[in-house]
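What follows is the content of model11.txt, which has compact mmCIF, C-alpha atoms:
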```txt
# COMPACT_ATOMS: atom_id res chain seq x y z
CA MET A 1 84.94 106.49 130.83
CA LEU A 2 81.50 107.25 132.20
CA PRO A 3 78.74 109.17 130.50
CA GLU A 4 78.19 112.65 131.82
CA VAL A 5 75.73 112.86 134.68
CA ARG A 6 72.97 115.20 133.63
CA PRO A 7 70.78 117.17 136.01
CA TYR A 8 67.65 115.79 134.34
CA VAL A 9 66.13 112.40 135.04
CA SER A 10 65.74 109.85 132.24
CA PRO A 11 62.15 109.13 131.20
CA ALA A 12 62.36 105.51 132.41
CA LEU A 13 63.74 106.56 135.80
CA ALA A 14 61.21 109.39 136.11
CA HIS A 15 58.41 106.91 135.38
CA GLN A 16 59.68 104.54 138.09
CA LEU A 17 60.07 107.35 140.64
CA GLU A 18 56.54 108.47 139.96
CA HIS A 19 55.06 104.96 139.87
CA GLN A 20 57.00 103.35 142.74
CA LEU A 21 57.32 106.33 145.07
CA GLY A 22 54.67 108.78 143.91
CA LEU A 23 57.36 111.42 143.29
CA ALA A 24 57.09 113.91 140.45
CA SER A 25 60.38 114.56 138.64
CA ARG A 26 60.19 118.27 139.59
CA LEU A 27 59.65 117.64 143.30
CA GLU A 28 61.60 120.07 145.50
CA ALA A 29 64.27 118.44 147.64
CA ALA A 30 63.05 120.26 150.75
CA ARG A 31 59.86 118.16 150.61
CA LEU A 32 61.77 114.87 150.82
CA ASP A 33 62.35 112.97 154.02
CA VAL A 34 64.98 110.27 154.61
CA GLU A 35 62.62 107.55 153.45
CA GLY A 36 61.99 109.41 150.18
CA VAL A 37 65.71 109.87 149.57
CA ALA A 38 66.31 106.17 150.29
CA GLY A 39 63.53 105.23 147.87
CA ILE A 40 65.06 107.40 145.15
CA ALA A 41 68.44 105.73 145.75
CA VAL A 42 66.93 102.25 145.38
CA VAL A 43 65.10 103.10 142.16
CA ALA A 44 68.16 104.90 140.72
CA ALA A 45 70.38 101.90 141.56
CA ALA A 46 68.00 99.66 139.65
CA HIS A 47 68.56 101.88 136.60
CA SER A 48 72.35 102.08 136.96
CA ASP A 49 73.01 98.99 134.83
CA GLY A 50 72.42 100.89 131.60
CA TYR A 51 74.57 103.79 132.76
CA ALA A 52 77.44 101.45 133.68
CA ALA A 53 77.14 99.48 130.44
CA THR A 54 77.16 102.69 128.38
CA GLY A 55 80.27 103.80 130.25
CA HIS A 56 81.95 100.48 129.53
CA LEU A 57 81.01 100.72 125.85
CA LEU A 58 82.63 104.15 125.67
CA GLY A 59 85.69 102.82 127.50
CA LEU A 60 86.09 100.06 124.93
CA LEU A 61 85.95 102.58 122.08
CA ALA A 62 88.38 104.86 123.92
CA ALA A 63 90.93 102.02 123.94
CA LEU A 64 91.12 102.19 120.14
CA PRO A 65 93.26 104.73 118.30
CA ALA A 66 91.68 108.16 118.32
CA PRO A 67 89.80 109.13 115.16
CA THR A 68 92.48 111.65 114.21
CA GLU A 69 94.96 111.79 111.38
CA ALA A 70 97.31 109.61 113.46
CA GLY A 71 94.64 106.90 113.79
CA GLU A 72 93.49 107.11 110.17
CA ARG A 73 95.35 103.94 109.11
CA PHE A 74 93.77 101.90 111.92
CA TRP A 75 90.24 102.96 110.97
CA SER A 76 90.90 102.33 107.30
CA ASP A 77 92.28 98.85 108.08
CA LEU A 78 89.31 98.12 110.34
CA TRP A 79 86.88 99.08 107.58
CA ARG A 80 88.65 96.92 104.99
CA SER A 81 88.99 93.91 107.31
CA SER A 82 85.50 94.01 108.83
CA GLY A 83 83.63 94.76 105.63
CA THR A 84 81.41 97.22 107.46
CA ALA A 85 81.41 100.99 107.64
CA TYR A 86 79.13 100.98 110.69
CA LEU A 87 82.09 101.33 113.06
CA LEU A 88 83.84 104.16 111.24
CA PRO A 89 84.15 107.36 113.29
CA VAL A 90 82.19 109.33 110.72
CA ASN A 91 79.26 106.95 111.24
CA ILE A 92 79.35 106.73 115.02
CA LYS A 93 80.58 110.17 116.09
CA ALA A 94 77.11 111.57 116.82
CA LEU A 95 76.14 108.33 118.60
CA VAL A 96 79.29 108.45 120.76
CA LEU A 97 78.52 112.04 121.70
CA ARG A 98 74.94 111.08 122.61
CA SER A 99 76.34 108.25 124.71
CA LEU A 100 78.56 110.70 126.56
CA ALA A 101 75.35 112.49 127.47
CA GLY A 102 73.95 109.23 128.88
CA GLU A 103 71.95 107.89 125.90
CA GLY A 104 73.77 104.79 124.67
CA THR A 105 71.04 102.75 123.00
CA ALA A 106 71.55 104.12 119.47
CA LEU A 107 75.29 103.43 119.66
CA ALA A 108 74.61 99.94 121.00
CA ARG A 109 72.25 99.21 118.10
CA GLN A 110 74.82 100.47 115.59
CA ILE A 111 77.53 98.28 117.13
CA LEU A 112 75.32 95.19 117.10
CA SER A 113 74.44 95.88 113.46
CA ALA A 114 78.13 96.15 112.61
CA VAL A 115 79.04 92.90 114.36
CA ASP A 116 76.04 91.12 112.84
CA GLU A 117 77.06 92.25 109.37
CA MET A 118 80.53 90.68 109.63
CA THR A 119 81.13 87.21 108.26
CA PRO A 120 83.25 84.89 110.42
CA PRO A 121 86.41 85.55 108.34
CA GLN A 122 85.76 89.32 108.50
CA ARG A 123 85.36 89.10 112.26
CA VAL A 124 88.68 87.27 112.58
CA ALA A 125 90.36 89.86 110.33
CA ALA A 126 88.82 92.76 112.26
CA GLY A 127 89.92 91.13 115.52
CA GLU A 128 93.47 90.98 114.21
CA VAL A 129 93.44 94.71 113.33
CA ILE A 130 91.93 95.65 116.69
CA GLY A 131 94.22 93.29 118.59
CA GLN A 132 97.29 94.78 116.92
CA ALA A 133 96.24 98.29 117.92
CA LEU A 134 95.47 97.23 121.50
CA ALA A 135 98.70 95.24 121.84
CA GLU A 136 100.69 98.28 120.79
CA SER A 137 98.83 100.75 123.00
CA ASP A 138 98.39 98.53 126.08
CA HIS A 139 101.80 96.85 125.88
CA PHE A 140 100.60 93.25 125.75
CA PRO A 141 103.44 91.83 123.65
CA ASP A 142 103.05 88.34 125.13
CA LEU A 143 99.42 87.93 124.00
CA LYS A 144 98.36 87.07 120.47
CA THR A 145 96.81 90.03 118.70
CA GLN A 146 94.04 87.85 117.30
CA VAL A 147 93.06 86.74 120.82
CA ILE A 148 93.11 90.31 122.16
CA GLY A 149 91.02 91.55 119.24
CA GLU A 150 88.47 88.74 119.51
CA LEU A 151 88.09 89.35 123.25
CA TRP A 152 87.62 93.05 122.59
CA LEU A 153 84.97 92.34 119.92
CA ARG A 154 83.12 89.93 122.21
CA ASP A 155 83.20 92.46 125.04
CA LEU A 156 81.94 95.19 122.70
CA GLU A 157 79.11 92.99 121.46
CA LEU A 158 78.06 91.83 124.93
CA THR A 159 78.25 95.33 126.35
CA ALA A 160 76.11 96.69 123.51
CA TRP A 161 73.58 93.98 124.34
CA ARG A 162 73.70 94.98 128.03
CA VAL A 163 72.98 98.61 127.11
CA LEU A 164 69.92 97.57 125.12
CA HIS A 165 68.76 95.08 127.74
CA ALA A 166 69.07 97.66 130.52
CA ASP A 167 66.95 100.05 128.47
CA ARG A 168 64.06 97.61 128.24
CA ARG A 169 60.71 99.33 128.38
CA TRP A 170 58.63 96.72 130.23
CA ASP A 171 59.18 98.39 133.60
CA ASP A 172 55.56 99.47 133.64
CA PRO A 173 53.00 98.20 136.19
CA VAL A 174 51.30 95.91 133.66
CA GLY A 175 54.63 94.33 132.66
CA GLN A 176 55.64 93.91 136.29
CA GLN A 177 52.35 92.25 137.15
CA ALA A 178 52.63 89.94 134.14
CA PHE A 179 56.10 88.93 135.37
CA VAL A 180 54.80 88.23 138.90
CA ASP A 181 51.82 86.30 137.53
CA ALA A 182 54.05 84.19 135.30
CA TRP A 183 56.31 83.22 138.20
CA THR A 184 53.62 82.68 140.80
CA GLY A 185 51.45 80.61 138.46
CA ALA A 186 54.24 78.21 137.57
```

When written as structure tokens, how does the structure in this file appear?
Amino acid sequence: MLPEVRPYVSPALAHQLEHQLGLASRLEAARLDVEGVAGIAVVAAAHSDGYAATGHLLGLLAALPAPTEAGERFWSDLWRSSGTAYLLPVNIKALVLRSLAGEGTALARQILSAVDEMTPPQRVAAGEVIGQALAESDHFPDLKTQVIGELWLRDLELTAWRVLHADRRWDDPVGQQAFVDAWTGA
């Protein structure tokens, strides 16, 4: 599940297009040559990590039972077992919808807060609940539900981290120069 591609350019990408290529975000396509298009492709590819990670985060959530009446027992069990309400649909619905529009950092922060709040026994219990739901929906009867759930939780946590890491704000000229200076002076 990928976030929707919007016709606007993210602020970080717009900044890089302007800084690296001297292109304003409202530049008319007719004024671009092949080199300009290639430059845009390179800069956009550098920003695709966050887009892909947000899509993966949404895909992980989509693997869980839908937040409908039919999935109500799962979400209730997850809340009880994890000890956190941060993952309940009522608390992440708006963040999921923002992620579908391409902005996944708030959802990633909420997920990391939820995982951080869990004690080790709560994490194991939550993994069991999640693993049971995934084993039933994905037909993995030969795998232990606890293993499936723990893998899913780890993937969720790492993907949330990737979303935040990809959204880092040090892609400015000063930050880039500091990076170059640090590596050339070593």

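For the choices A:Pro65, A:Ala160, A:Asp77, A:Ala41, the atom-to-atom distance to A:Ser113 is smallest for A:Ala160 when using all atoms listed in the file.
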
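Using all atoms listed in the file, the nearest neighbour of A:Leu107 within the list A:Pro67, A:Pro173, A:Gly149, A:Gly55 is A:Gly55.
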
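Each of A:Ile92, A:Glu150, A:Lys144, A:Leu134 was compared to A:Pro120 using all atoms listed in the file, and A:Glu150 turns out to be the nearest.
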
| task | Could you jot down the atom CA of A:Thr145 to atom CA of A:Val129 separation for me, Å, one decimal place? | result |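 About the pair atom CA of A:Thr145 and atom CA of A:Val129: they are 7.9 Å apart.
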
| query | What lies within 10 Å of A:His165 using only C-alpha atoms, ignoring chain neighbours under 5 positions off, as a PyMOL selection string? | reply | chain A and resi 49-50+53+105+159-160

| task | Give me, please, the distance in Å between atom CA of A:Trp75 and atom CA of A:Arg98, quoted to one decimal. | result | 20.9 Å

| query | So how many Å separate atom CA of A:Glu72 and atom CA of A:Pro121, to one decimal? | reply |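 A separation of 22.8 Å between them.
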
| request: For A:Trp161, please output as a ChimeraX atom specification all residues within 10 Å (counting only C-alpha atoms; exclusion window: fewer than 6 positions along the same chain). | output: /A:53,105,108-109,111-112,155,167

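With all atoms listed in the file as the atoms that count, the residue of A:Val174, A:Leu164, A:Ala126, A:Leu156 with the shortest distance to A:Phe74 is A:Ala126.
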
| Hey, what's within 9 Å of stretch 82-91 of chain A if we count all atoms listed in the file and toss same-chain stuff fewer than 3 positions away? As a list in words, please? |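 Using all atoms listed in the file, the neighbours found are Pro67, Trp75, Ser76, Asp77, Leu78, Trp79, Ala94, Leu95, Val96, Gln110, Ile111, Ser113, Ala114, Val115, Glu117, Met118, Thr119, Pro121, Gln122, Arg123, Val124, Ala125, Ala126 and Gly127 of chain A.
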